[in-house]
Amino acid sequence: MRKASFSVEKVTSNTDAHNTREHSPKYLIGCEKGKENEYIKYYDYDNFQQLAEARYLEVNKQKMQTSQKEALFEEAVISLEEHHTKDDVVKLFESLNKKYTGHTLINLAIHRDEGHFVKDGIEYYPTMHILQKEDGNWYILDENDTEILEALKDKDFKPKAEDFKVKVKIKDFEKVYNYHAHVVFSRFDLETGKSARFQKSTMSERYKFVAEQMSM
């Protein structure tokens, strides 16, 4: 059983491109057949902001401040197990809404194409220990290259494509998937016209709540 995670990050200009796979990272290992990625959009950003501003004005009798507009969207990265579906994530956010208000889904992506490989008890992480090159084949670092092996001890070192010289048969490696969801959401609740507020202790409580809801 995997440990639960619910890390909240700022939405950036690269968020949607990553989540929709418009920009595909080099570290992908591919999906299993019948277990493809999913992406669902519930609101356009501009449309939701217009709805939120109108509802805020209606309820609070004043315009939404610029700082509130800038903090309108957040992204949660949630660890999943193989059996979890988008419906599980949707139910999670419905439960979060009932407990804390807000947590309005803007878009949701489930990624099933990330992870690493294992062979003979050794873990190989894409772009760090193994790489698929433009020819479609996979290559690993030369275990006899002492210079590269020494450089790998530095956690900030990133091998270049030319450092991967040994061609391997990827079918001989076991895939270990890192199933997870990216959820862009808003703390703003269109029904109440207010935003969910969190203290540090509340955020810790929310983490435990997520773990319970996802049975992790």
# chains A, B, ... in the order shown; residues from 1 in each chain; ligands from 1

call {"tool": "residues_around", "arguments": {"residues": "His84 (chain A)", "least_positions_apart": "2", "cutoff": "10 Å", "atoms": "only C-alpha atoms", "output": "PyMOL selection string"}}
result
chain A and resi 79-82+86-89+110+179-181+214

call {"tool": "write_last_selection", "arguments": {"atoms": "N, CA, C and O atoms", "output": "mmCIF file, in the first residue's frame"}}
result
data_model
loop_
_atom_site.group_PDB
_atom_site.id
_atom_site.type_symbol
_atom_site.label_atom_id
_atom_site.label_comp_id
_atom_site.auth_asym_id
_atom_site.auth_seq_id
_atom_site.Cartn_x
_atom_site.Cartn_y
_atom_site.Cartn_z
ATOM 1 N N SER A 79 -1.280 11.194 -4.476
ATOM 2 C CA SER A 79 -0.829 9.835 -4.796
ATOM 3 C C SER A 79 -2.030 8.911 -4.886
ATOM 4 O O SER A 79 -3.012 9.057 -4.154
ATOM 5 N N LEU A 80 -1.958 7.962 -5.805
ATOM 6 C CA LEU A 80 -3.040 7.006 -6.026
ATOM 7 C C LEU A 80 -2.487 5.583 -6.040
ATOM 8 O O LEU A 80 -1.284 5.381 -6.241
ATOM 9 N N GLU A 81 -3.363 4.638 -5.849
ATOM 10 C CA GLU A 81 -3.021 3.245 -6.067
ATOM 11 C C GLU A 81 -3.644 2.803 -7.384
ATOM 12 O O GLU A 81 -4.482 3.515 -7.965
ATOM 13 N N GLU A 82 -3.248 1.658 -7.859
ATOM 14 C CA GLU A 82 -3.652 1.194 -9.183
ATOM 15 C C GLU A 82 -5.170 1.160 -9.364
ATOM 16 O O GLU A 82 -5.682 1.432 -10.443
ATOM 17 N N LYS A 86 -10.945 8.165 -11.596
ATOM 18 C CA LYS A 86 -11.301 9.586 -11.499
ATOM 19 C C LYS A 86 -12.503 9.776 -10.582
ATOM 20 O O LYS A 86 -12.617 10.810 -9.906
ATOM 21 N N ASP A 87 -13.384 8.794 -10.538
ATOM 22 C CA ASP A 87 -14.554 8.896 -9.660
ATOM 23 C C ASP A 87 -14.139 8.963 -8.192
ATOM 24 O O ASP A 87 -14.772 9.658 -7.391
ATOM 25 N N ASP A 88 -13.076 8.257 -7.828
ATOM 26 C CA ASP A 88 -12.574 8.308 -6.460
ATOM 27 C C ASP A 88 -12.074 9.711 -6.122
ATOM 28 O O ASP A 88 -12.281 10.212 -5.011
ATOM 29 N N VAL A 89 -11.401 10.331 -7.095
ATOM 30 C CA VAL A 89 -10.873 11.681 -6.876
ATOM 31 C C VAL A 89 -12.017 12.693 -6.794
ATOM 32 O O VAL A 89 -12.005 13.598 -5.955
ATOM 33 N N ILE A 110 -5.320 12.307 -14.377
ATOM 34 C CA ILE A 110 -4.742 11.131 -13.728
ATOM 35 C C ILE A 110 -3.627 10.609 -14.623
ATOM 36 O O ILE A 110 -3.851 10.319 -15.805
ATOM 37 N N TYR A 179 1.381 6.039 -9.851
ATOM 38 C CA TYR A 179 0.051 6.552 -10.183
ATOM 39 C C TYR A 179 -0.248 7.775 -9.316
ATOM 40 O O TYR A 179 -0.040 7.763 -8.098
ATOM 41 N N HIS A 180 -0.761 8.824 -9.939
ATOM 42 C CA HIS A 180 -1.089 10.030 -9.183
ATOM 43 C C HIS A 180 -2.054 10.905 -9.982
ATOM 44 O O HIS A 180 -2.252 10.705 -11.181
ATOM 45 N N ALA A 181 -2.644 11.844 -9.271
ATOM 46 C CA ALA A 181 -3.573 12.780 -9.910
ATOM 47 C C ALA A 181 -3.076 14.202 -9.719
ATOM 48 O O ALA A 181 -2.474 14.535 -8.695
ATOM 49 N N MET A 214 -9.194 8.041 0.871
ATOM 50 C CA MET A 214 -8.615 7.254 -0.216
ATOM 51 C C MET A 214 -8.136 5.888 0.270
ATOM 52 O O MET A 214 -7.570 5.107 -0.494
#

call {"tool": "residues_around", "arguments": {"residues": "Thr15 (chain A)", "least_positions_apart": "6", "cutoff": "10 Å", "atoms": "only C-alpha atoms", "output": "number ranges by chain"}}
result
A: 21, 23, 75, 182, 184

call {"tool": "select_by_dssp", "arguments": {"residues": "region 82-200 of chain A", "states": "strand (DSSP E or B)", "output": "number ranges by chain"}}
result
A: 104-111, 115-119, 122-124, 126, 130-132, 138-141, 164-168, 174-177, 180-186, 188-189, 194-195

call {"tool": "residues_around", "arguments": {"residues": "Glu162 (chain A)", "least_positions_apart": "2", "cutoff": "10 Å", "atoms": "only C-alpha atoms", "output": "list of chain:residue names"}}
result
A:Lys133, A:Tyr139, A:Leu141, A:Pro159, A:Lys160, A:Phe164, A:Lys165

call {"tool": "atom_distance", "arguments": {"atom1": "CA of Phe48 (chain A)", "atom2": "CA of Ser186 (chain A)"}}
result
9.2 Å

call {"tool": "decode", "arguments": {"residues": "region 44-190 of chain A", "atoms": "C-alpha atoms", "output": "CSV table (one decimal), in the first residue's frame"}}
result
chain,number,residue,atom,x,y,z
A,44,ASP,CA,-12.4,27.3,-18.0
A,45,TYR,CA,-10.2,29.5,-15.8
A,46,ASP,CA,-11.7,32.8,-17.1
A,47,ASN,CA,-15.3,31.5,-16.9
A,48,PHE,CA,-14.9,30.3,-13.3
A,49,GLN,CA,-13.2,33.6,-12.3
A,50,GLN,CA,-16.2,35.6,-13.8
A,51,LEU,CA,-18.6,33.4,-11.9
A,52,ALA,CA,-16.6,33.7,-8.7
A,53,GLU,CA,-16.3,37.5,-8.9
A,54,ALA,CA,-20.0,37.8,-9.6
A,55,ARG,CA,-21.0,35.5,-6.7
A,56,TYR,CA,-18.5,37.2,-4.3
A,57,LEU,CA,-20.1,40.6,-5.1
A,58,GLU,CA,-23.6,39.3,-4.6
A,59,VAL,CA,-22.8,37.7,-1.2
A,60,ASN,CA,-20.3,40.2,0.2
A,61,LYS,CA,-21.6,43.4,-1.4
A,62,GLN,CA,-18.0,44.3,-2.5
A,63,LYS,CA,-15.7,43.4,-5.3
A,64,MET,CA,-13.1,40.7,-5.0
A,65,GLN,CA,-9.7,42.0,-4.2
A,66,THR,CA,-6.8,41.5,-6.6
A,67,SER,CA,-5.0,39.3,-4.1
A,68,GLN,CA,-8.0,37.0,-3.9
A,69,LYS,CA,-8.2,36.7,-7.7
A,70,GLU,CA,-4.5,35.8,-7.9
A,71,ALA,CA,-5.0,33.1,-5.3
A,72,LEU,CA,-8.1,31.7,-6.9
A,73,PHE,CA,-6.6,28.5,-8.3
A,74,GLU,CA,-4.3,25.9,-6.8
A,75,GLU,CA,-3.0,22.5,-7.8
A,76,ALA,CA,-3.1,19.4,-5.6
A,77,VAL,CA,-0.9,16.4,-6.5
A,78,ILE,CA,-2.4,13.3,-5.0
A,79,SER,CA,-0.8,9.8,-4.8
A,80,LEU,CA,-3.0,7.0,-6.0
A,81,GLU,CA,-3.0,3.2,-6.1
A,82,GLU,CA,-3.7,1.2,-9.2
A,83,HIS,CA,-7.4,0.7,-8.4
A,84,HIS,CA,-8.2,4.3,-8.0
A,85,THR,CA,-10.3,6.0,-10.7
A,86,LYS,CA,-11.3,9.6,-11.5
A,87,ASP,CA,-14.6,8.9,-9.7
A,88,ASP,CA,-12.6,8.3,-6.5
A,89,VAL,CA,-10.9,11.7,-6.9
A,90,VAL,CA,-14.2,13.4,-7.6
A,91,LYS,CA,-15.7,11.9,-4.5
A,92,LEU,CA,-12.7,13.0,-2.5
A,93,PHE,CA,-13.3,16.6,-3.5
A,94,GLU,CA,-17.0,16.4,-2.8
A,95,SER,CA,-16.1,15.2,0.7
A,96,LEU,CA,-13.5,18.0,1.1
A,97,ASN,CA,-16.2,20.5,0.1
A,98,LYS,CA,-18.6,19.2,2.6
A,99,LYS,CA,-16.0,19.3,5.4
A,100,TYR,CA,-14.2,22.5,4.6
A,101,THR,CA,-16.3,24.2,1.8
A,102,GLY,CA,-14.6,25.2,-1.4
A,103,HIS,CA,-12.4,22.6,-3.2
A,104,THR,CA,-14.2,23.3,-6.5
A,105,LEU,CA,-12.8,21.1,-9.3
A,106,ILE,CA,-11.5,23.1,-12.2
A,107,ASN,CA,-9.7,20.3,-14.1
A,108,LEU,CA,-8.4,16.8,-13.2
A,109,ALA,CA,-5.7,14.7,-14.7
A,110,ILE,CA,-4.7,11.1,-13.7
A,111,HIS,CA,-1.3,10.1,-14.8
A,112,ARG,CA,-0.5,6.4,-15.3
A,113,ASP,CA,2.6,6.8,-17.4
A,114,GLU,CA,5.2,7.7,-14.8
A,115,GLY,CA,7.4,5.6,-12.6
A,116,HIS,CA,10.7,3.7,-12.9
A,117,PHE,CA,12.2,0.3,-13.8
A,118,VAL,CA,13.7,-2.6,-11.8
A,119,LYS,CA,16.1,-5.3,-13.0
A,120,ASP,CA,18.0,-7.7,-10.8
A,121,GLY,CA,17.0,-5.7,-7.8
A,122,ILE,CA,18.4,-2.5,-9.1
A,123,GLU,CA,16.1,0.6,-9.7
A,124,TYR,CA,16.5,2.6,-12.8
A,125,TYR,CA,14.9,6.0,-12.9
A,126,PRO,CA,14.3,7.6,-16.3
A,127,THR,CA,16.7,10.5,-17.3
A,128,MET,CA,18.9,9.6,-14.2
A,129,HIS,CA,19.8,5.9,-14.8
A,130,ILE,CA,18.0,5.0,-18.0
A,131,LEU,CA,16.9,6.9,-21.1
A,132,GLN,CA,14.8,6.4,-24.2
A,133,LYS,CA,16.5,8.1,-27.1
A,134,GLU,CA,15.1,9.4,-30.3
A,135,ASP,CA,15.7,6.0,-32.0
A,136,GLY,CA,13.1,4.5,-29.7
A,137,ASN,CA,15.5,2.3,-27.9
A,138,TRP,CA,16.5,2.5,-24.2
A,139,TYR,CA,20.0,3.0,-22.9
A,140,ILE,CA,21.6,2.9,-19.5
A,141,LEU,CA,24.8,4.4,-18.1
A,142,ASP,CA,28.0,2.4,-18.5
A,143,GLU,CA,28.7,0.7,-15.1
A,144,ASN,CA,32.4,0.8,-15.9
A,145,ASP,CA,32.4,4.5,-16.4
A,146,THR,CA,33.8,5.6,-13.0
A,147,GLU,CA,33.6,9.3,-13.8
A,148,ILE,CA,29.8,9.1,-14.4
A,149,LEU,CA,29.3,6.8,-11.4
A,150,GLU,CA,31.2,9.2,-9.2
A,151,ALA,CA,29.2,12.2,-10.6
A,152,LEU,CA,25.9,10.4,-9.7
A,153,LYS,CA,26.7,10.7,-6.0
A,154,ASP,CA,25.9,14.4,-6.4
A,155,LYS,CA,22.1,14.7,-6.1
A,156,ASP,CA,22.1,17.7,-8.4
A,157,PHE,CA,24.0,16.0,-11.2
A,158,LYS,CA,21.9,15.3,-14.4
A,159,PRO,CA,23.4,12.9,-17.0
A,160,LYS,CA,23.4,14.1,-20.6
A,161,ALA,CA,21.9,12.0,-23.4
A,162,GLU,CA,25.4,11.0,-24.6
A,163,ASP,CA,26.2,9.6,-21.2
A,164,PHE,CA,23.7,6.8,-21.8
A,165,LYS,CA,25.7,4.4,-24.0
A,166,VAL,CA,24.6,0.8,-23.2
A,167,LYS,CA,21.6,-0.3,-25.2
A,168,VAL,CA,19.2,-2.6,-23.3
A,169,LYS,CA,16.0,-4.6,-24.0
A,170,ILE,CA,13.4,-2.7,-22.0
A,171,LYS,CA,11.2,-5.9,-21.9
A,172,ASP,CA,13.7,-7.4,-19.5
A,173,PHE,CA,12.9,-4.6,-17.0
A,174,GLU,CA,9.9,-4.5,-14.6
A,175,LYS,CA,7.9,-1.3,-14.6
A,176,VAL,CA,7.0,0.2,-11.3
A,177,TYR,CA,4.3,2.8,-11.7
A,178,ASN,CA,3.8,6.1,-9.9
A,179,TYR,CA,0.1,6.6,-10.2
A,180,HIS,CA,-1.1,10.0,-9.2
A,181,ALA,CA,-3.6,12.8,-9.9
A,182,HIS,CA,-3.1,16.5,-10.6
A,183,VAL,CA,-6.2,18.4,-9.6
A,184,VAL,CA,-6.5,22.1,-10.3
A,185,PHE,CA,-9.1,23.4,-7.8
A,186,SER,CA,-10.4,26.6,-6.2
A,187,ARG,CA,-11.0,27.2,-2.5
A,188,PHE,CA,-13.8,29.5,-3.6
A,189,ASP,CA,-17.3,28.0,-3.1
A,190,LEU,CA,-19.8,29.3,-5.7
